[in-house]
Protein chains: 2
Amino acid sequence: MSILRKDPVSSGWVIIAEERGERPTTFDTTKVKKRAGFCPFCVGNENSTPPEISAYREPHSHKDSPGWRVRTIPNKFAALRIEGDLNRRGDGMYDMMNGVGAHEVIIETPEHDANMALYSPEKMREVLNMYRERHHDLMKDRRFKYIQIFRNYGYSAGATLDHPHTQLIALPITPRWVKEELSCAKEHYEIKERCLFCDIINQEIKSQSRLIFENDEFISFAPFASKFPFETWIIPKQHRSDFKMISDAEIKQLAIALPKTLLAIHRALSDPPYNMILHSAPQLPPDRPGAETIVHDYHWHIEIYPRISKMAGFEWGTGFYINTVLPEKAAEYLREALTEEIKIGAPGPKEQTS
Amino acid sequence: MSILRKDPVSSGWVIIAEERGERPTTFDTTKVKKRAGFCPFCVGNENSTPPEISAYREPHSHKDSPGWRVRTIPNKFAALRIEGDLNRRGDGMYDMMNGVGAHEVIIETPEHDANMALYSPEKMREVLNMYRERHHDLMKDRRFKYIQIFRNYGYSAGATLDHPHTQLIALPITPRWVKEELSCAKEHYEIKERCLFCDIINQEIKSQSRLIFENDEFISFAPFASKFPFETWIIPKQHRSDFKMISDAEIKQLAIALPKTLLAIHRALSDPPYNMILHSAPQLPPDRPGAETIVHDYHWHIEIYPRISKMAGFEWGTGFYINTVLPEKAAEYLREALTEEIKIGAPGPKEQTS
């Protein structure tokens, strides 16, 4: 059982999850972890993962056996466990609670070498349907305040398995950076009576200089104050606070916007590692003040951070980032990468039709 | 000239410093940057750095020539420049200002291969004297609100040169993570009328379980809610808010505590990369509310983060860290590493006397 501990100096929480890590003496700080040839996410290896929670399958195929197209399982090395009570308690001046939550893995495709940047709209739509389904299902558990959907791509972005997958962690508390966004959005709404994110979307569409891709329902753009080179956000144009309420029509459009955006990054930066993070509104008890306003002032979105720069002491000390690429220039490169003519980085691979 | 841009969604600021980075197309995400054989920080190469700001030198030696023991220079690739006005301005809904500040490098020793973990107390004392001198001097410039002293050790911690050095950035605004600490400390003080950090020190000394090293003036310990495996803090036992006010007697003790703590990390984890960050009180105009209370509620300290784990999508999305090593166990390993008998990681190198 992992433990949640509160940092008294930042009010942030930390998950202490010993079972995930190796013994301290076996830490290796220099070598890239050797990947075993065996992939537990590949077809035929269904028994080497915990039993599946949900899957989209071919007719007449069976649970935990081949025939799936998208498959969700509990993380074998879960940072949080679904069983038990939080048991909030103190240790002298410090605060802690049990590591209750959920940690799931969505295996996106049976194809080990597939790449989300090349998913067909149909493939992407199925994966997004699974995101919505799991988000919706976990939000029914009132112990959970926040669902974090995220995707680590490439070893230096923290991925330990190559097979395309997304992770989902359900948390018993709203994380501090989400709280920070919520409070900025709330403050803006109180002054302007408009959604902060809707204002951002309007300005980005008007100025065009940081826009990367646009369709009927979504834009992707380089944020004005990008923390990292080539940071990219994807956001629904209509005001939407809660990802799990995404409509089928919106999923259809996101299934185009997301792979297109990833393809631009893939081409412009030669298939870099990245982290993708989905920010959505937290769950608030209906009797809690503010619960009804969050639908007006928050706006879900996806953030993508290519991991091509290092975070060093200055950033760690201050939360003040140094970005060496002007966001307007990053957007220009990414837009150019989307037009086939340009030859930046690796040659654009053929469209994949899985 | 770099630009500071404010993220409307987090209220954090970002430095956009184009001149530091390479062209986007030359980003290399896989290979370790090749180090040139030439070291601009070595003795005899004083002309390849900008003119020195301050140095501790042998008698009769000259500025920008050999004979120095510690030497401070402006960073050649500065993220912020000392000249000019902030020129705060808007761009539609967004906020920005000029990148005015200071970015200095303290070259700690003429010895290219020296290691702070092995500095003699005398050597360490001179380096700490330079920290204090530069902190003090920059704080005289009323445009600067915060001085960040930090040290990146090893390539994966962001160091681009091996020669032992510390950096110092003077900022025109108080960074958000420092503000967060200040607000937690203030809140604690308002309730308890005691310093939050003093309370932490008392509990750590009483419990002993997370203590790593202790002398008359300092303790080093693994924080209760460590964000990273083997995170270690060093803090003065007496209540002190502002690093630049450190006394000679305290410097003498810190000159023992700091290398001892780094030596424990060096031995236990086989010389890992790390970031070291010094947190001190920001500068507040004397007429600003709160300026007089900060001396009561804030407490300067050093944080050391060995870079042996990766930050991935979950951490980036939430600010919620997963730490795979129990802080009590990390402290035990580090304490053991300080007793010569134990054989964890690399064999402890001989004490260095530079």
# chains A, B, ... in the order shown; residues from 1 in each chain; ligands from 1
>>> closest_atom_pairs(of="chain B", to="chain A", cutoff="6 Å", atoms="only C-alpha atoms", output="Markdown table")
| residue | atom | partner | partner_atom | distance |
| --- | --- | --- | --- | --- |
| B:Arg5 | CA | A:Ala225 | CA | 5.4 |
| B:Lys6 | CA | A:Ala225 | CA | 5.9 |
| B:Asp7 | CA | A:Ala225 | CA | 5.1 |
| B:Val9 | CA | A:Glu181 | CA | 5.3 |
| B:Ser10 | CA | A:Glu181 | CA | 5.4 |
| B:Trp13 | CA | A:Phe320 | CA | 5.9 |
| B:Val14 | CA | A:Tyr321 | CA | 4.9 |
| B:Ile15 | CA | A:Ile322 | CA | 4.6 |
| B:Ile16 | CA | A:Asn323 | CA | 4.9 |
| B:Ala17 | CA | A:Thr324 | CA | 4.9 |
| B:Glu18 | CA | A:Thr324 | CA | 4.5 |
| B:Gly21 | CA | A:Thr324 | CA | 4.8 |
| B:Thr29 | CA | A:Ile308 | CA | 5.4 |
| B:Phe150 | CA | A:Gly313 | CA | 5.6 |
| B:Asn152 | CA | A:Gly313 | CA | 5.8 |
| B:Ala157 | CA | A:Ala312 | CA | 5.6 |
| B:Gly158 | CA | A:Ala312 | CA | 5.0 |
| B:Pro175 | CA | A:Thr318 | CA | 5.3 |
| B:Trp177 | CA | A:Thr318 | CA | 5.3 |
| B:Glu180 | CA | A:Ser10 | CA | 5.8 |
| B:Glu181 | CA | A:Val9 | CA | 5.3 |
| B:Cys184 | CA | A:Val9 | CA | 5.8 |
| B:Ala225 | CA | A:Asp7 | CA | 5.1 |
| B:Asn275 | CA | A:Gly313 | CA | 4.9 |
| B:Ile277 | CA | A:Gly317 | CA | 5.6 |
| B:Ile308 | CA | A:Thr29 | CA | 5.3 |
| B:Lys310 | CA | A:Gly158 | CA | 5.9 |
| B:Ala312 | CA | A:Gly158 | CA | 5.0 |
| B:Gly313 | CA | A:Asn275 | CA | 4.9 |
| B:Gly317 | CA | A:Ile277 | CA | 5.6 |
| B:Thr318 | CA | A:Trp177 | CA | 5.3 |
| B:Gly319 | CA | A:Trp177 | CA | 5.5 |
| B:Phe320 | CA | A:Val14 | CA | 5.7 |
| B:Tyr321 | CA | A:Val14 | CA | 4.9 |
| B:Ile322 | CA | A:Ile15 | CA | 4.6 |
| B:Asn323 | CA | A:Ile16 | CA | 4.9 |
| B:Thr324 | CA | A:Glu18 | CA | 4.5 |
| B:Val325 | CA | A:Glu18 | CA | 5.5 |
>>> write_last_selection(atoms="N, CA and C atoms", output="short mmCIF file (atom, residue, chain, number, x, y, z; two decimals), in the first residue's frame")
data_model
loop_
_atom_site.label_atom_id
_atom_site.label_comp_id
_atom_site.auth_asym_id
_atom_site.auth_seq_id
_atom_site.Cartn_x
_atom_site.Cartn_y
_atom_site.Cartn_z
N ARG B 5 7.29 36.43 -20.16
CA ARG B 5 5.86 36.35 -20.49
C ARG B 5 5.13 35.66 -19.35
N LYS B 6 3.94 36.14 -19.05
CA LYS B 6 3.15 35.57 -17.95
C LYS B 6 2.15 34.55 -18.48
N ASP B 7 2.14 33.37 -17.88
CA ASP B 7 1.17 32.35 -18.23
C ASP B 7 -0.15 32.70 -17.56
N VAL B 9 -2.74 31.15 -17.18
CA VAL B 9 -3.43 30.00 -16.61
C VAL B 9 -2.82 29.56 -15.27
N SER B 10 -1.56 29.93 -15.02
CA SER B 10 -0.92 29.54 -13.76
C SER B 10 -0.39 30.74 -13.00
N TRP B 13 5.66 32.91 -14.57
CA TRP B 13 6.32 33.62 -15.66
C TRP B 13 7.30 32.70 -16.35
N VAL B 14 7.54 32.96 -17.62
CA VAL B 14 8.47 32.18 -18.41
C VAL B 14 9.48 33.15 -19.03
N ILE B 15 10.75 32.76 -19.05
CA ILE B 15 11.75 33.56 -19.75
C ILE B 15 11.89 33.00 -21.16
N ILE B 16 11.60 33.81 -22.16
CA ILE B 16 11.83 33.38 -23.54
C ILE B 16 13.18 33.96 -23.94
N ALA B 17 14.19 33.09 -24.01
CA ALA B 17 15.57 33.55 -24.24
C ALA B 17 16.10 32.86 -25.47
N GLU B 18 15.76 33.42 -26.62
CA GLU B 18 16.12 32.77 -27.88
C GLU B 18 17.61 32.59 -28.08
N GLY B 21 19.41 29.30 -27.14
CA GLY B 21 19.11 28.01 -27.75
C GLY B 21 19.68 27.87 -29.14
N THR B 29 17.64 15.09 -29.77
CA THR B 29 16.96 14.57 -28.58
C THR B 29 17.57 13.28 -28.10
N PHE B 150 21.95 28.51 -7.60
CA PHE B 150 21.72 27.09 -7.89
C PHE B 150 22.95 26.46 -8.53
N ASN B 152 23.98 23.02 -10.97
CA ASN B 152 23.64 21.84 -11.75
C ASN B 152 24.89 20.98 -11.83
N ALA B 157 21.59 16.66 -15.18
CA ALA B 157 21.02 17.69 -14.31
C ALA B 157 21.10 19.06 -14.98
N GLY B 158 21.53 19.09 -16.24
CA GLY B 158 21.52 20.34 -16.99
C GLY B 158 22.85 21.07 -17.08
N PRO B 175 9.46 34.38 -7.89
CA PRO B 175 8.92 33.23 -8.63
C PRO B 175 7.78 32.54 -7.86
N TRP B 177 6.96 29.39 -7.11
CA TRP B 177 7.16 28.36 -6.09
C TRP B 177 7.68 28.97 -4.80
N GLU B 180 4.70 30.37 -3.13
CA GLU B 180 3.94 29.28 -2.53
C GLU B 180 4.51 28.95 -1.14
N GLU B 181 5.84 28.82 -1.07
CA GLU B 181 6.49 28.56 0.23
C GLU B 181 6.22 29.70 1.20
N CYS B 184 2.63 29.46 2.50
CA CYS B 184 2.46 28.37 3.50
C CYS B 184 3.09 28.77 4.83
N ALA B 225 7.86 14.64 3.01
CA ALA B 225 7.18 14.43 1.74
C ALA B 225 8.16 14.70 0.59
N ASN B 275 20.69 18.57 -8.76
CA ASN B 275 20.47 20.01 -8.73
C ASN B 275 20.46 20.45 -7.28
N ILE B 277 19.69 23.85 -4.86
CA ILE B 277 18.95 25.11 -4.96
C ILE B 277 18.93 25.78 -3.60
N ILE B 308 17.95 10.90 -10.32
CA ILE B 308 18.01 9.48 -10.63
C ILE B 308 16.66 8.94 -11.04
N LYS B 310 12.84 9.92 -13.34
CA LYS B 310 12.36 10.77 -14.42
C LYS B 310 11.03 11.39 -14.05
N ALA B 312 7.55 12.40 -15.40
CA ALA B 312 6.77 12.00 -16.58
C ALA B 312 5.43 12.71 -16.59
N GLY B 313 4.54 12.26 -17.48
CA GLY B 313 3.29 12.97 -17.73
C GLY B 313 2.46 13.22 -16.49
N GLY B 317 1.45 16.84 -15.26
CA GLY B 317 0.06 17.22 -15.34
C GLY B 317 -0.49 17.74 -14.03
N THR B 318 0.10 17.30 -12.94
CA THR B 318 -0.54 17.51 -11.65
C THR B 318 0.30 18.26 -10.64
N GLY B 319 1.63 18.18 -10.77
CA GLY B 319 2.50 18.68 -9.70
C GLY B 319 2.46 17.74 -8.51
N PHE B 320 1.98 16.55 -8.76
CA PHE B 320 1.81 15.49 -7.76
C PHE B 320 2.94 14.50 -8.05
N TYR B 321 3.88 14.33 -7.15
CA TYR B 321 5.05 13.51 -7.45
C TYR B 321 4.88 12.08 -6.95
N ILE B 322 5.47 11.14 -7.68
CA ILE B 322 5.54 9.76 -7.22
C ILE B 322 6.99 9.48 -6.86
N ASN B 323 7.23 9.15 -5.60
CA ASN B 323 8.59 8.89 -5.12
C ASN B 323 8.66 7.43 -4.71
N THR B 324 9.63 6.71 -5.27
CA THR B 324 9.68 5.26 -5.04
C THR B 324 10.58 4.87 -3.86
N VAL B 325 11.14 5.86 -3.18
CA VAL B 325 12.00 5.54 -2.03
C VAL B 325 11.46 6.23 -0.78
#
>>> select_by_dssp(residues="region 128-352 of chain A", states="strand (DSSP E or B)", output="PDB file with C-alpha atoms, in the first residue's frame")
ATOM      1  CA  TYR A 146      -9.512  14.086 -10.023  1.00  0.00           C
ATOM      2  CA  ILE A 147      -8.784  11.830 -12.997  1.00  0.00           C
ATOM      3  CA  GLN A 148      -5.456  12.391 -14.731  1.00  0.00           C
ATOM      4  CA  ILE A 149      -5.195  10.935 -18.250  1.00  0.00           C
ATOM      5  CA  PHE A 150      -1.624  11.082 -19.560  1.00  0.00           C
ATOM      6  CA  ARG A 151       0.651   9.545 -22.117  1.00  0.00           C
ATOM      7  CA  ASN A 152       4.436   9.169 -21.890  1.00  0.00           C
ATOM      8  CA  TYR A 153       6.049   8.611 -25.269  1.00  0.00           C
ATOM      9  CA  HIS A 165      -0.463   3.049 -24.302  1.00  0.00           C
ATOM     10  CA  THR A 166      -2.080   5.777 -22.224  1.00  0.00           C
ATOM     11  CA  GLN A 167      -2.313   5.856 -18.428  1.00  0.00           C
ATOM     12  CA  LEU A 168      -5.021   7.044 -16.128  1.00  0.00           C
ATOM     13  CA  ILE A 169      -4.664   7.832 -12.433  1.00  0.00           C
ATOM     14  CA  ALA A 170      -7.655   8.588 -10.201  1.00  0.00           C
ATOM     15  CA  LEU A 171      -6.674  10.732  -7.207  1.00  0.00           C
ATOM     16  CA  LEU A 211      -1.945  28.605 -34.349  1.00  0.00           C
ATOM     17  CA  ILE A 212      -0.839  25.164 -35.553  1.00  0.00           C
ATOM     18  CA  PHE A 213      -4.026  23.381 -36.629  1.00  0.00           C
ATOM     19  CA  GLU A 214      -7.727  24.191 -36.670  1.00  0.00           C
ATOM     20  CA  PHE A 218     -10.663  22.217 -32.021  1.00  0.00           C
ATOM     21  CA  ILE A 219      -7.571  24.362 -32.322  1.00  0.00           C
ATOM     22  CA  SER A 220      -4.008  23.422 -31.504  1.00  0.00           C
ATOM     23  CA  PHE A 221      -1.586  26.232 -30.729  1.00  0.00           C
ATOM     24  CA  THR A 232       1.460  22.617 -27.803  1.00  0.00           C
ATOM     25  CA  TRP A 233      -2.111  22.741 -26.523  1.00  0.00           C
ATOM     26  CA  ILE A 234      -5.256  21.300 -28.082  1.00  0.00           C
ATOM     27  CA  ILE A 235      -8.527  22.800 -26.870  1.00  0.00           C
ATOM     28  CA  PRO A 236     -12.232  22.562 -27.841  1.00  0.00           C
ATOM     29  CA  TYR A 274       6.892  13.771 -25.272  1.00  0.00           C
ATOM     30  CA  ASN A 275       4.394  13.881 -22.427  1.00  0.00           C
ATOM     31  CA  MET A 276       0.731  14.428 -23.192  1.00  0.00           C
ATOM     32  CA  ILE A 277      -1.581  15.514 -20.393  1.00  0.00           C
ATOM     33  CA  LEU A 278      -5.346  15.947 -20.358  1.00  0.00           C
ATOM     34  CA  HIS A 279      -6.620  18.642 -17.971  1.00  0.00           C
ATOM     35  CA  HIS A 301      -7.678  20.823 -22.837  1.00  0.00           C
ATOM     36  CA  ILE A 302      -4.698  18.687 -23.778  1.00  0.00           C
ATOM     37  CA  GLU A 303      -1.092  19.814 -23.195  1.00  0.00           C
ATOM     38  CA  ILE A 304       1.807  18.256 -25.103  1.00  0.00           C
ATOM     39  CA  TYR A 305       5.404  18.776 -23.939  1.00  0.00           C
ATOM     40  CA  PRO A 306       8.115  17.526 -26.309  1.00  0.00           C
ATOM     41  CA  TYR A 321      11.005  28.296 -16.887  1.00  0.00           C
ATOM     42  CA  ILE A 322      13.571  29.297 -19.493  1.00  0.00           C
ATOM     43  CA  ASN A 323      12.355  28.507 -23.004  1.00  0.00           C
TER      44      ASN A 323
END
>>> residues_around(residues="region 61-73 of chain A", least_positions_apart="6", cutoff="10 Å", atoms="only C-alpha atoms", output="PyMOL selection string")
chain A and resi 41-55+103-111+123+126-127+129-131+134+165-168+354
>>> select_by_dssp(residues="region 39-255 of chain A", states="helix (DSSP H, G or I)", output="PyMOL selection string")
chain A and resi 46-48+116-118+121-139+155-157+176-192+196-207+243-245+248-255
